[in-house]
Amino acid sequence: MSRIKEKFNQLKSKKETALISYIMAGYPSEKITLAAVRGLIQGGSDIIELGFPFSDPIADGPTIQMASTESLNNGTKIENFFTIVKKIRKESNIPLVLMTYTNILYNQTYLKFISRAKQAGIDGLILPDMAIEESKEYVKAAKKIGMDTIFLVSPNTEKDRLKQIIKSTSGFLYMVAVFGTTGVQTKIHKYTLDALKNTKYAAKGKIPVGVGFGVSTEKDVQKYVSSGADAVIVGSANIKIIENTPTNKVQTRIATFTKRLKNKTR
Amino acid sequence: MKIGIPKDGRFGEFGGKYIPETLAPAIEELEKNYLKIRNDKNFKKELGRLLIDYAGRPTPIYFARNLTKTIGGAKIYLKREDLLHGGAHKINNTLGQALLAKRMGKKRIIAETGAGQHGVATAMACASLGLKAEIYMGYVDTLRQKQNVFRMELLGAKVHAVKSGSKTLKDAINEAMRDWITNVDSTYYLLGSAVGPHPYPLMVRDFQAVIGVEIKKQMKKIPNAVIACVGGGSNAIGTFYPLIDTNAKIIGIEAGGKGVKTKLHSAPLTAGKKGVLHGMMTYLMQDKDGQISETHSISAGLDYPGVGPEHAFLKDENRVEYKAVTDDEVIDAFLILTRTEGIIPALESAHAIAHAIKISKKMKKTESIVVTLSGRGDKDIDIVKEYLAKNVKNKRKI
Ligand SMILES: Cc1ncc(COP(=O)(O)O)c(C=O)c1O
């Protein structure tokens with residue numbers, strides 16, 4: 001069983017919702033990335049999503065764009081990313097998901113990249129520009145290697161398409177909460193809650209549904225938990241904390257913030 | 001060779017639609033509507049009228065007698081897209097798509113622009129059809145093409161200077177896509193070249209194919225060679241597509257910048273590798289990790305790390321030959337054409353002229369070459385002036 005699946009099973013028996021935390025690898029440095037990961041684990045995050053920067057992140061808002069650009073400017077290469085993953089794996093068994101864009105995989109071929117990621121200790125992949133129509137070869141390679149393929153759905157995804165996407169999804173299904181890019185936003189729309197209901201219905205309990213994009217406060221987490229989400233995904237809010245915190249305090253601030261959010265999932 | 005509508009949105013293995021899920025319904029709606037109007041007589045009639053009365057079609061084929069004589073080889077003909085309203089081929093596409101957007105009931109139009117030519121052509125089409133236009137342009141490009149920024153604003157469009165990434169065309173496309181993801185219901189994304197997810201490459205090719213169709217009609221004989229510059233590839237595919245099944249030699253010219261052996265160029269077909277960007281699988285300039293490279297060209301309109309998927313296909317099929325010419329060769333061609341014919345070409349188009357000059361020398365006097373002169377060079381005269389000031393050695397210095 002994959003680490004992600006096992007985690008969701010554990011949480012289910014405890015009647016808890018998963019808190020999934022995103023940070024960008026190499027932002028602002030490899031060292032701070034590791035400190036932030038330790039903070040996330042300390043704070044009780046259930047799954048960690050590590051971003052690998054891409055030069056052209058079309059699904060990301062200003063915060064994650066900034067983190068991508070800085071990470072790339074710091075010279076983050078895929079080798080550095082795998083090194084970070086291996087270091088985390090020495091300390092923890094927490095499920096690790098890689099979020100990046102299709103070209104990073106395509107460049108090395110899906111099979112080669114995914115097997116390297118697996119070896120390093122990655123459990124699942126999120127590619128926001130990988131449409132279901134184009135995913136055959138990618139899903140085949142991931143299946144062969146035992147890597148979870150986490151697809152995204154949107155509030156405007158139609159029923160038949162939703163079914164098709166669910167078929168190719170493993171680990172969990174990522175429901176994008178808003179029409180827009182990643183980033184902190186202020187209110188929870190009714191259309192998002194309706195979409196969550198429909199997505200949960202289509203998933204039939206076979207695959208957990210996580211809600212992400214614009215989830216940043218305890219109140220957001222509480223609202224999605226009470227609306228039936230199996231997981232909440234927090235990203236830009238973590239990056240903002242890292243951006244605005246002196247480096248020696250990143251771990252504790254991230255831990256404190258994560259703990260407050262995690263409390264709302266129990 | 002018959003290409004027609006690409007199956008599953010792919011030209012051979014190239015193309016597809018690698019898009020965030022939020023855009024999937026919009027792309028589907030676009031594809032459905034486009035395939036419907038593609039054969040709609042009323043649509044064709046309305047667009048045909050606009051192309052004639054508003055844009056100034058058909059454009060002439062001009063035999064460049066003086067240029068031919070100066071070079072001393074094959075006869076060089078120019079397809080004068082520079083004479084179109086707005087000064088470039090871009091209007092062929094913007095009128096087509098703006099009309100489609102209107103039919104689809106979309107009132108807000110967004111577009112990206114590099115040199116500003118597509119932005120201007122979008123602003124014009126939108127002004128004439130009563131649509132609201134917002135244009136994304138890389139901050140670096142807004143500085144080197146100031147005039148076009150003001151032209152767009154005069155035409156009633158809002159211009160957003162994009163300050164992310166390399167601050168050029170690719171980043172303008174990124175930002176336009178982010179806008180589209182955010183405003184997917186109300187907004188039509190009017191892409192300016194034969195790039196992006198299916199159905200854009202097909203649609204832009206169809207709207208630009210009027211260039212090649214006219215060339216076929218206007219030339220008494222199928223020319224021995226046809227040449228066009230390739231940025232995203234819209235004027236080139238529009239020129240080439242109707243001539244694919246003739247025996248004309250077809251050549252696309254990429255921006256060689258300071259040389260394809262350096263990193264300072266924009267020639268993905270000549271020196272790139274397959275990859276996925278802006279919704280399509282195609283040849284891209286990228287590093288070992290798959291990060292997209294920053295590009296260079298003296299012409300802002302060719303300064304793009306990717307290329308339309310149909311060109312990638314035509315390259316691999318060996319139907320079209322793709323070559324690159326350097327900034328130096330481009331300036332030289334720009335000056336030769338200006339002096340011999342009194343025609344100031346866009347720096348983009350001067351790439352095609354430069355290659356025509358190279359090959360015509362080696363061809364027979366009875367043979368013919370058609371070069372698509374995709375735009376006029378008024379927008380570029382400051383860049384040329386600056387270049388000449390820095391390169392005093394240039395033999396054709398003023
Ligand atoms: C005059 C002119 N020619 C060519 C191009 C390159 O575009 P494409 O390759 O799509 O024709 C541009 C782009 O701005 C242009 O302005």
# chains A, B, ... in the order shown; residues from 1 in each chain; ligands from 1
>>> residues_near_ligand(ligand="ligand 1", cutoff="9 Å", atoms="only C-alpha atoms and all ligand atoms", output="ChimeraX atom specification")
/B:81-82,87-90,113-119,192-195,204,228-238,254,299-303,307-308,345-350,373-377
>>> residues_around(residues="range 212-226 of chain A", least_positions_apart="5", cutoff="6 Å", atoms="only C-alpha atoms", output="ChimeraX atom specification")
/A:176-177,182-185,233-234,237,261,264
>>> write_last_selection(atoms="C-alpha atoms", output="PDB file, in the first residue's frame")
ATOM      1  CA  VAL A 176      -9.095  23.279  -7.040  1.00  0.00           C
ATOM      2  CA  ALA A 177     -11.298  25.541  -4.911  1.00  0.00           C
ATOM      3  CA  THR A 182      -2.711  29.491  -6.363  1.00  0.00           C
ATOM      4  CA  GLY A 183      -2.706  32.169  -3.685  1.00  0.00           C
ATOM      5  CA  VAL A 184      -4.368  33.503  -0.608  1.00  0.00           C
ATOM      6  CA  GLN A 185      -7.938  34.624  -1.144  1.00  0.00           C
ATOM      7  CA  ILE A 233      -4.168  21.739   1.172  1.00  0.00           C
ATOM      8  CA  VAL A 234      -2.323  24.847   2.344  1.00  0.00           C
ATOM      9  CA  ALA A 237       0.239  30.792   3.264  1.00  0.00           C
ATOM     10  CA  LEU A 261      -4.560  24.462  11.324  1.00  0.00           C
ATOM     11  CA  LYS A 264      -9.231  22.199  13.134  1.00  0.00           C
TER      12      LYS A 264
END
>>> interface_residues(of="chain B", to="chain A", cutoff="8 Å", atoms="only C-alpha atoms", output="NGL selection string")
:B and (16-22 or 24-25 or 164-165 or 171 or 174-175 or 177-179 or 181-184 or 274-277 or 279 or 288-292)
>>> residues_around(residues="Lys102 in chain B", least_positions_apart="4", cutoff="10 Å", atoms="only C-alpha atoms", output="ChimeraX atom specification")
/B:97-98,106-109,126,129-131,188
>>> atom_distance(atom1="CA of Ile227 in chain B", atom2="CA of Thr326 in chain B")
16.0 Å
>>> residues_around(residues="Asn248 in chain A", least_positions_apart="3", cutoff="10 Å", atoms="only C-alpha atoms", output="list in words")
Ile32, Ala35, Thr245, Gln251, Thr252 and Arg253 of chain A
>>> write_last_selection(atoms="all heavy atoms", output="PDB file, in the first residue's frame")
ATOM      1  N   ILE A  32      16.744  26.078   4.624  1.00  0.00           N
ATOM      2  CA  ILE A  32      15.450  26.548   5.151  1.00  0.00           C
ATOM      3  C   ILE A  32      14.329  25.604   4.723  1.00  0.00           C
ATOM      4  O   ILE A  32      13.362  25.400   5.462  1.00  0.00           O
ATOM      5  CB  ILE A  32      15.140  27.985   4.670  1.00  0.00           C
ATOM      6  CG1 ILE A  32      16.282  28.945   4.994  1.00  0.00           C
ATOM      7  CG2 ILE A  32      13.833  28.498   5.288  1.00  0.00           C
ATOM      8  CD1 ILE A  32      16.556  29.145   6.452  1.00  0.00           C
ATOM      9  N   ALA A  35      14.363  23.007   7.264  1.00  0.00           N
ATOM     10  CA  ALA A  35      13.834  23.540   8.522  1.00  0.00           C
ATOM     11  C   ALA A  35      12.315  23.626   8.461  1.00  0.00           C
ATOM     12  O   ALA A  35      11.606  23.253   9.413  1.00  0.00           O
ATOM     13  CB  ALA A  35      14.440  24.910   8.801  1.00  0.00           C
ATOM     14  N   THR A 245       9.744  35.637   7.722  1.00  0.00           N
ATOM     15  CA  THR A 245      10.285  35.207   9.012  1.00  0.00           C
ATOM     16  C   THR A 245      11.807  35.127   8.945  1.00  0.00           C
ATOM     17  O   THR A 245      12.344  34.611   7.965  1.00  0.00           O
ATOM     18  CB  THR A 245       9.720  33.811   9.377  1.00  0.00           C
ATOM     19  OG1 THR A 245       8.298  33.877   9.347  1.00  0.00           O
ATOM     20  CG2 THR A 245      10.180  33.376  10.757  1.00  0.00           C
ATOM     21  N   GLN A 251      11.394  27.342  11.353  1.00  0.00           N
ATOM     22  CA  GLN A 251      10.883  26.049  11.828  1.00  0.00           C
ATOM     23  C   GLN A 251       9.793  26.211  12.886  1.00  0.00           C
ATOM     24  O   GLN A 251       8.719  25.618  12.771  1.00  0.00           O
ATOM     25  CB  GLN A 251      12.036  25.204  12.378  1.00  0.00           C
ATOM     26  CG  GLN A 251      11.579  23.799  12.755  1.00  0.00           C
ATOM     27  CD  GLN A 251      12.742  22.888  13.125  1.00  0.00           C
ATOM     28  OE1 GLN A 251      13.883  23.118  12.723  1.00  0.00           O
ATOM     29  NE2 GLN A 251      12.454  21.844  13.889  1.00  0.00           N
ATOM     30  N   THR A 252      10.033  27.069  13.888  1.00  0.00           N
ATOM     31  CA  THR A 252       9.038  27.207  14.958  1.00  0.00           C
ATOM     32  C   THR A 252       7.766  27.906  14.472  1.00  0.00           C
ATOM     33  O   THR A 252       6.663  27.500  14.828  1.00  0.00           O
ATOM     34  CB  THR A 252       9.603  27.976  16.176  1.00  0.00           C
ATOM     35  OG1 THR A 252      10.266  29.141  15.703  1.00  0.00           O
ATOM     36  CG2 THR A 252      10.568  27.123  16.965  1.00  0.00           C
ATOM     37  N   ARG A 253       7.936  28.956  13.652  1.00  0.00           N
ATOM     38  CA  ARG A 253       6.725  29.649  13.157  1.00  0.00           C
ATOM     39  C   ARG A 253       5.867  28.723  12.302  1.00  0.00           C
ATOM     40  O   ARG A 253       4.647  28.706  12.414  1.00  0.00           O
ATOM     41  CB  ARG A 253       7.107  30.877  12.320  1.00  0.00           C
ATOM     42  CG  ARG A 253       7.732  31.987  13.093  1.00  0.00           C
ATOM     43  CD  ARG A 253       6.817  33.210  13.239  1.00  0.00           C
ATOM     44  NE  ARG A 253       7.420  34.118  14.199  1.00  0.00           N
ATOM     45  CZ  ARG A 253       8.040  35.248  13.869  1.00  0.00           C
ATOM     46  NH1 ARG A 253       8.067  35.659  12.602  1.00  0.00           N
ATOM     47  NH2 ARG A 253       8.596  35.995  14.786  1.00  0.00           N
TER      48      ARG A 253
END
>>> atom_distance(atom1="CA of Ala64 in chain B", atom2="CA of Gly212 in chain B")
18.4 Å
>>> atom_distance(atom1="CA of Phe150 in chain B", atom2="CA of Ala176 in chain B")
19.6 Å
>>> select_by_dssp(residues="range 82-163 of chain A", states="alpha helix (DSSP H)", output="PDB file with N, CA, C and O atoms, in the first residue's frame")
ATOM      1  N   PHE A  82      16.202  16.067  -5.366  1.00  0.00           N
ATOM      2  CA  PHE A  82      16.239  14.676  -4.893  1.00  0.00           C
ATOM      3  C   PHE A  82      17.097  14.542  -3.632  1.00  0.00           C
ATOM      4  O   PHE A  82      16.806  13.722  -2.763  1.00  0.00           O
ATOM      5  N   THR A  83      18.127  15.357  -3.531  1.00  0.00           N
ATOM      6  CA  THR A  83      18.947  15.346  -2.314  1.00  0.00           C
ATOM      7  C   THR A  83      18.110  15.756  -1.105  1.00  0.00           C
ATOM      8  O   THR A  83      18.165  15.115  -0.042  1.00  0.00           O
ATOM      9  N   ILE A  84      17.312  16.814  -1.275  1.00  0.00           N
ATOM     10  CA  ILE A  84      16.433  17.268  -0.185  1.00  0.00           C
ATOM     11  C   ILE A  84      15.485  16.140   0.221  1.00  0.00           C
ATOM     12  O   ILE A  84      15.309  15.840   1.404  1.00  0.00           O
ATOM     13  N   VAL A  85      14.898  15.494  -0.777  1.00  0.00           N
ATOM     14  CA  VAL A  85      13.944  14.415  -0.500  1.00  0.00           C
ATOM     15  C   VAL A  85      14.623  13.289   0.288  1.00  0.00           C
ATOM     16  O   VAL A  85      14.075  12.778   1.275  1.00  0.00           O
ATOM     17  N   LYS A  86      15.827  12.936  -0.144  1.00  0.00           N
ATOM     18  CA  LYS A  86      16.536  11.842   0.543  1.00  0.00           C
ATOM     19  C   LYS A  86      16.851  12.217   1.995  1.00  0.00           C
ATOM     20  O   LYS A  86      16.770  11.374   2.894  1.00  0.00           O
ATOM     21  N   LYS A  87      17.193  13.485   2.196  1.00  0.00           N
ATOM     22  CA  LYS A  87      17.471  13.935   3.567  1.00  0.00           C
ATOM     23  C   LYS A  87      16.210  13.850   4.429  1.00  0.00           C
ATOM     24  O   LYS A  87      16.277  13.445   5.594  1.00  0.00           O
ATOM     25  N   ILE A  88      15.070  14.240   3.870  1.00  0.00           N
ATOM     26  CA  ILE A  88      13.814  14.150   4.635  1.00  0.00           C
ATOM     27  C   ILE A  88      13.528  12.683   4.967  1.00  0.00           C
ATOM     28  O   ILE A  88      13.148  12.349   6.087  1.00  0.00           O
ATOM     29  N   ARG A  89      13.735  11.842   3.966  1.00  0.00           N
ATOM     30  CA  ARG A  89      13.461  10.415   4.166  1.00  0.00           C
ATOM     31  C   ARG A  89      14.298   9.789   5.282  1.00  0.00           C
ATOM     32  O   ARG A  89      13.879   8.821   5.903  1.00  0.00           O
ATOM     33  N   LYS A  90      15.475  10.346   5.546  1.00  0.00           N
ATOM     34  CA  LYS A  90      16.306   9.828   6.641  1.00  0.00           C
ATOM     35  C   LYS A  90      15.674  10.131   7.988  1.00  0.00           C
ATOM     36  O   LYS A  90      15.923   9.455   8.972  1.00  0.00           O
ATOM     37  N   GLU A  91      14.853  11.219   8.010  1.00  0.00           N
ATOM     38  CA  GLU A  91      14.290  11.653   9.291  1.00  0.00           C
ATOM     39  C   GLU A  91      12.845  11.240   9.487  1.00  0.00           C
ATOM     40  O   GLU A  91      12.346  11.239  10.603  1.00  0.00           O
ATOM     41  N   THR A 102       4.640  19.534 -16.259  1.00  0.00           N
ATOM     42  CA  THR A 102       4.860  18.379 -17.131  1.00  0.00           C
ATOM     43  C   THR A 102       6.242  18.352 -17.772  1.00  0.00           C
ATOM     44  O   THR A 102       6.864  17.299 -17.865  1.00  0.00           O
ATOM     45  N   ASN A 103       6.734  19.506 -18.218  1.00  0.00           N
ATOM     46  CA  ASN A 103       7.988  19.487 -18.977  1.00  0.00           C
ATOM     47  C   ASN A 103       9.174  18.948 -18.181  1.00  0.00           C
ATOM     48  O   ASN A 103      10.101  18.373 -18.750  1.00  0.00           O
ATOM     49  N   ILE A 104       9.131  19.133 -16.862  1.00  0.00           N
ATOM     50  CA  ILE A 104      10.230  18.645 -16.019  1.00  0.00           C
ATOM     51  C   ILE A 104      10.329  17.112 -16.127  1.00  0.00           C
ATOM     52  O   ILE A 104      11.420  16.553 -16.164  1.00  0.00           O
ATOM     53  N   LEU A 105       9.181  16.446 -16.209  1.00  0.00           N
ATOM     54  CA  LEU A 105       9.183  14.988 -16.367  1.00  0.00           C
ATOM     55  C   LEU A 105       9.482  14.609 -17.814  1.00  0.00           C
ATOM     56  O   LEU A 105      10.295  13.734 -18.097  1.00  0.00           O
ATOM     57  N   TYR A 106       8.785  15.301 -18.732  1.00  0.00           N
ATOM     58  CA  TYR A 106       8.872  14.983 -20.160  1.00  0.00           C
ATOM     59  C   TYR A 106      10.318  15.028 -20.631  1.00  0.00           C
ATOM     60  O   TYR A 106      10.769  14.208 -21.428  1.00  0.00           O
ATOM     61  N   TYR A 110       8.985  10.179 -18.942  1.00  0.00           N
ATOM     62  CA  TYR A 110       8.185   9.945 -17.739  1.00  0.00           C
ATOM     63  C   TYR A 110       8.776   8.810 -16.912  1.00  0.00           C
ATOM     64  O   TYR A 110       8.938   8.917 -15.698  1.00  0.00           O
ATOM     65  N   LEU A 111       9.118   7.719 -17.591  1.00  0.00           N
ATOM     66  CA  LEU A 111       9.548   6.522 -16.886  1.00  0.00           C
ATOM     67  C   LEU A 111      10.813   6.777 -16.076  1.00  0.00           C
ATOM     68  O   LEU A 111      10.901   6.435 -14.894  1.00  0.00           O
ATOM     69  N   LYS A 112      11.770   7.407 -16.709  1.00  0.00           N
ATOM     70  CA  LYS A 112      13.051   7.640 -16.062  1.00  0.00           C
ATOM     71  C   LYS A 112      12.881   8.603 -14.875  1.00  0.00           C
ATOM     72  O   LYS A 112      13.387   8.348 -13.780  1.00  0.00           O
ATOM     73  N   PHE A 113      12.136   9.684 -15.115  1.00  0.00           N
ATOM     74  CA  PHE A 113      11.967  10.662 -14.048  1.00  0.00           C
ATOM     75  C   PHE A 113      11.241  10.039 -12.855  1.00  0.00           C
ATOM     76  O   PHE A 113      11.646  10.198 -11.709  1.00  0.00           O
ATOM     77  N   ILE A 114      10.163   9.334 -13.156  1.00  0.00           N
ATOM     78  CA  ILE A 114       9.339   8.803 -12.063  1.00  0.00           C
ATOM     79  C   ILE A 114      10.120   7.758 -11.265  1.00  0.00           C
ATOM     80  O   ILE A 114      10.016   7.706 -10.040  1.00  0.00           O
ATOM     81  N   SER A 115      10.932   6.973 -11.941  1.00  0.00           N
ATOM     82  CA  SER A 115      11.673   5.981 -11.162  1.00  0.00           C
ATOM     83  C   SER A 115      12.735   6.654 -10.293  1.00  0.00           C
ATOM     84  O   SER A 115      12.979   6.213  -9.164  1.00  0.00           O
ATOM     85  N   ARG A 116      13.318   7.723 -10.774  1.00  0.00           N
ATOM     86  CA  ARG A 116      14.275   8.467  -9.935  1.00  0.00           C
ATOM     87  C   ARG A 116      13.568   9.083  -8.730  1.00  0.00           C
ATOM     88  O   ARG A 116      14.085   9.063  -7.611  1.00  0.00           O
ATOM     89  N   ALA A 117      12.373   9.641  -8.973  1.00  0.00           N
ATOM     90  CA  ALA A 117      11.615  10.267  -7.884  1.00  0.00           C
ATOM     91  C   ALA A 117      11.240   9.228  -6.835  1.00  0.00           C
ATOM     92  O   ALA A 117      11.338   9.463  -5.627  1.00  0.00           O
ATOM     93  N   LYS A 118      10.838   8.063  -7.324  1.00  0.00           N
ATOM     94  CA  LYS A 118      10.447   6.973  -6.419  1.00  0.00           C
ATOM     95  C   LYS A 118      11.628   6.549  -5.548  1.00  0.00           C
ATOM     96  O   LYS A 118      11.512   6.401  -4.332  1.00  0.00           O
ATOM     97  N   GLN A 119      12.777   6.392  -6.221  1.00  0.00           N
ATOM     98  CA  GLN A 119      13.985   5.994  -5.510  1.00  0.00           C
ATOM     99  C   GLN A 119      14.362   6.989  -4.410  1.00  0.00           C
ATOM    100  O   GLN A 119      14.781   6.597  -3.329  1.00  0.00           O
ATOM    101  N   ALA A 120      14.168   8.265  -4.712  1.00  0.00           N
ATOM    102  CA  ALA A 120      14.514   9.295  -3.737  1.00  0.00           C
ATOM    103  C   ALA A 120      13.563   9.276  -2.539  1.00  0.00           C
ATOM    104  O   ALA A 120      13.932   9.684  -1.444  1.00  0.00           O
ATOM    105  N   LYS A 136      -1.948   9.386 -20.839  1.00  0.00           N
ATOM    106  CA  LYS A 136      -1.871   7.922 -20.931  1.00  0.00           C
ATOM    107  C   LYS A 136      -0.480   7.376 -20.591  1.00  0.00           C
ATOM    108  O   LYS A 136      -0.322   6.505 -19.737  1.00  0.00           O
ATOM    109  N   GLU A 137       0.506   7.932 -21.256  1.00  0.00           N
ATOM    110  CA  GLU A 137       1.871   7.440 -21.090  1.00  0.00           C
ATOM    111  C   GLU A 137       2.378   7.705 -19.667  1.00  0.00           C
ATOM    112  O   GLU A 137       3.055   6.871 -19.062  1.00  0.00           O
ATOM    113  N   TYR A 138       2.006   8.875 -19.160  1.00  0.00           N
ATOM    114  CA  TYR A 138       2.402   9.278 -17.803  1.00  0.00           C
ATOM    115  C   TYR A 138       1.812   8.335 -16.760  1.00  0.00           C
ATOM    116  O   TYR A 138       2.527   7.821 -15.884  1.00  0.00           O
ATOM    117  N   VAL A 139       0.523   8.057 -16.878  1.00  0.00           N
ATOM    118  CA  VAL A 139      -0.142   7.198 -15.896  1.00  0.00           C
ATOM    119  C   VAL A 139       0.412   5.774 -15.976  1.00  0.00           C
ATOM    120  O   VAL A 139       0.642   5.119 -14.951  1.00  0.00           O
ATOM    121  N   LYS A 140       0.682   5.349 -17.204  1.00  0.00           N
ATOM    122  CA  LYS A 140       1.232   4.002 -17.395  1.00  0.00           C
ATOM    123  C   LYS A 140       2.591   3.868 -16.698  1.00  0.00           C
ATOM    124  O   LYS A 140       2.837   2.893 -15.974  1.00  0.00           O
ATOM    125  N   ALA A 141       3.425   4.866 -16.901  1.00  0.00           N
ATOM    126  CA  ALA A 141       4.762   4.840 -16.282  1.00  0.00           C
ATOM    127  C   ALA A 141       4.649   4.853 -14.759  1.00  0.00           C
ATOM    128  O   ALA A 141       5.340   4.103 -14.058  1.00  0.00           O
ATOM    129  N   ALA A 142       3.743   5.698 -14.240  1.00  0.00           N
ATOM    130  CA  ALA A 142       3.580   5.824 -12.784  1.00  0.00           C
ATOM    131  C   ALA A 142       3.081   4.512 -12.171  1.00  0.00           C
ATOM    132  O   ALA A 142       3.552   4.086 -11.119  1.00  0.00           O
ATOM    133  N   LYS A 143       2.132   3.875 -12.873  1.00  0.00           N
ATOM    134  CA  LYS A 143       1.591   2.593 -12.390  1.00  0.00           C
ATOM    135  C   LYS A 143       2.687   1.562 -12.292  1.00  0.00           C
ATOM    136  O   LYS A 143       2.798   0.825 -11.322  1.00  0.00           O
ATOM    137  N   LYS A 144       3.492   1.523 -13.340  1.00  0.00           N
ATOM    138  CA  LYS A 144       4.559   0.534 -13.421  1.00  0.00           C
ATOM    139  C   LYS A 144       5.511   0.671 -12.229  1.00  0.00           C
ATOM    140  O   LYS A 144       5.989  -0.321 -11.681  1.00  0.00           O
ATOM    141  N   ILE A 145       5.742   1.931 -11.846  1.00  0.00           N
ATOM    142  CA  ILE A 145       6.738   2.177 -10.809  1.00  0.00           C
ATOM    143  C   ILE A 145       6.125   2.232  -9.408  1.00  0.00           C
ATOM    144  O   ILE A 145       6.818   2.137  -8.406  1.00  0.00           O
ATOM    145  N   LYS A 159     -19.438  16.202 -15.230  1.00  0.00           N
ATOM    146  CA  LYS A 159     -19.618  14.895 -14.597  1.00  0.00           C
ATOM    147  C   LYS A 159     -18.835  13.769 -15.263  1.00  0.00           C
ATOM    148  O   LYS A 159     -18.099  13.039 -14.611  1.00  0.00           O
ATOM    149  N   ASP A 160     -18.978  13.650 -16.580  1.00  0.00           N
ATOM    150  CA  ASP A 160     -18.331  12.536 -17.277  1.00  0.00           C
ATOM    151  C   ASP A 160     -16.818  12.641 -17.204  1.00  0.00           C
ATOM    152  O   ASP A 160     -16.113  11.645 -17.055  1.00  0.00           O
ATOM    153  N   ARG A 161     -16.375  13.860 -17.321  1.00  0.00           N
ATOM    154  CA  ARG A 161     -14.943  14.116 -17.266  1.00  0.00           C
ATOM    155  C   ARG A 161     -14.395  13.803 -15.863  1.00  0.00           C
ATOM    156  O   ARG A 161     -13.331  13.220 -15.718  1.00  0.00           O
ATOM    157  N   LEU A 162     -15.182  14.188 -14.879  1.00  0.00           N
ATOM    158  CA  LEU A 162     -14.824  13.925 -13.486  1.00  0.00           C
ATOM    159  C   LEU A 162     -14.615  12.422 -13.277  1.00  0.00           C
ATOM    160  O   LEU A 162     -13.623  11.978 -12.694  1.00  0.00           O
ATOM    161  N   LYS A 163     -15.531  11.638 -13.812  1.00  0.00           N
ATOM    162  CA  LYS A 163     -15.436  10.175 -13.693  1.00  0.00           C
ATOM    163  C   LYS A 163     -14.158   9.659 -14.327  1.00  0.00           C
ATOM    164  O   LYS A 163     -13.460   8.815 -13.779  1.00  0.00           O
TER     165      LYS A 163
END
>>> residues_around(residues="range 13-17 of chain A", least_positions_apart="2", cutoff="12 Å", atoms="only C-alpha atoms", output="PyMOL selection string")
chain A and resi 6-11+19-20+44-47+208-211+221-233+261-266
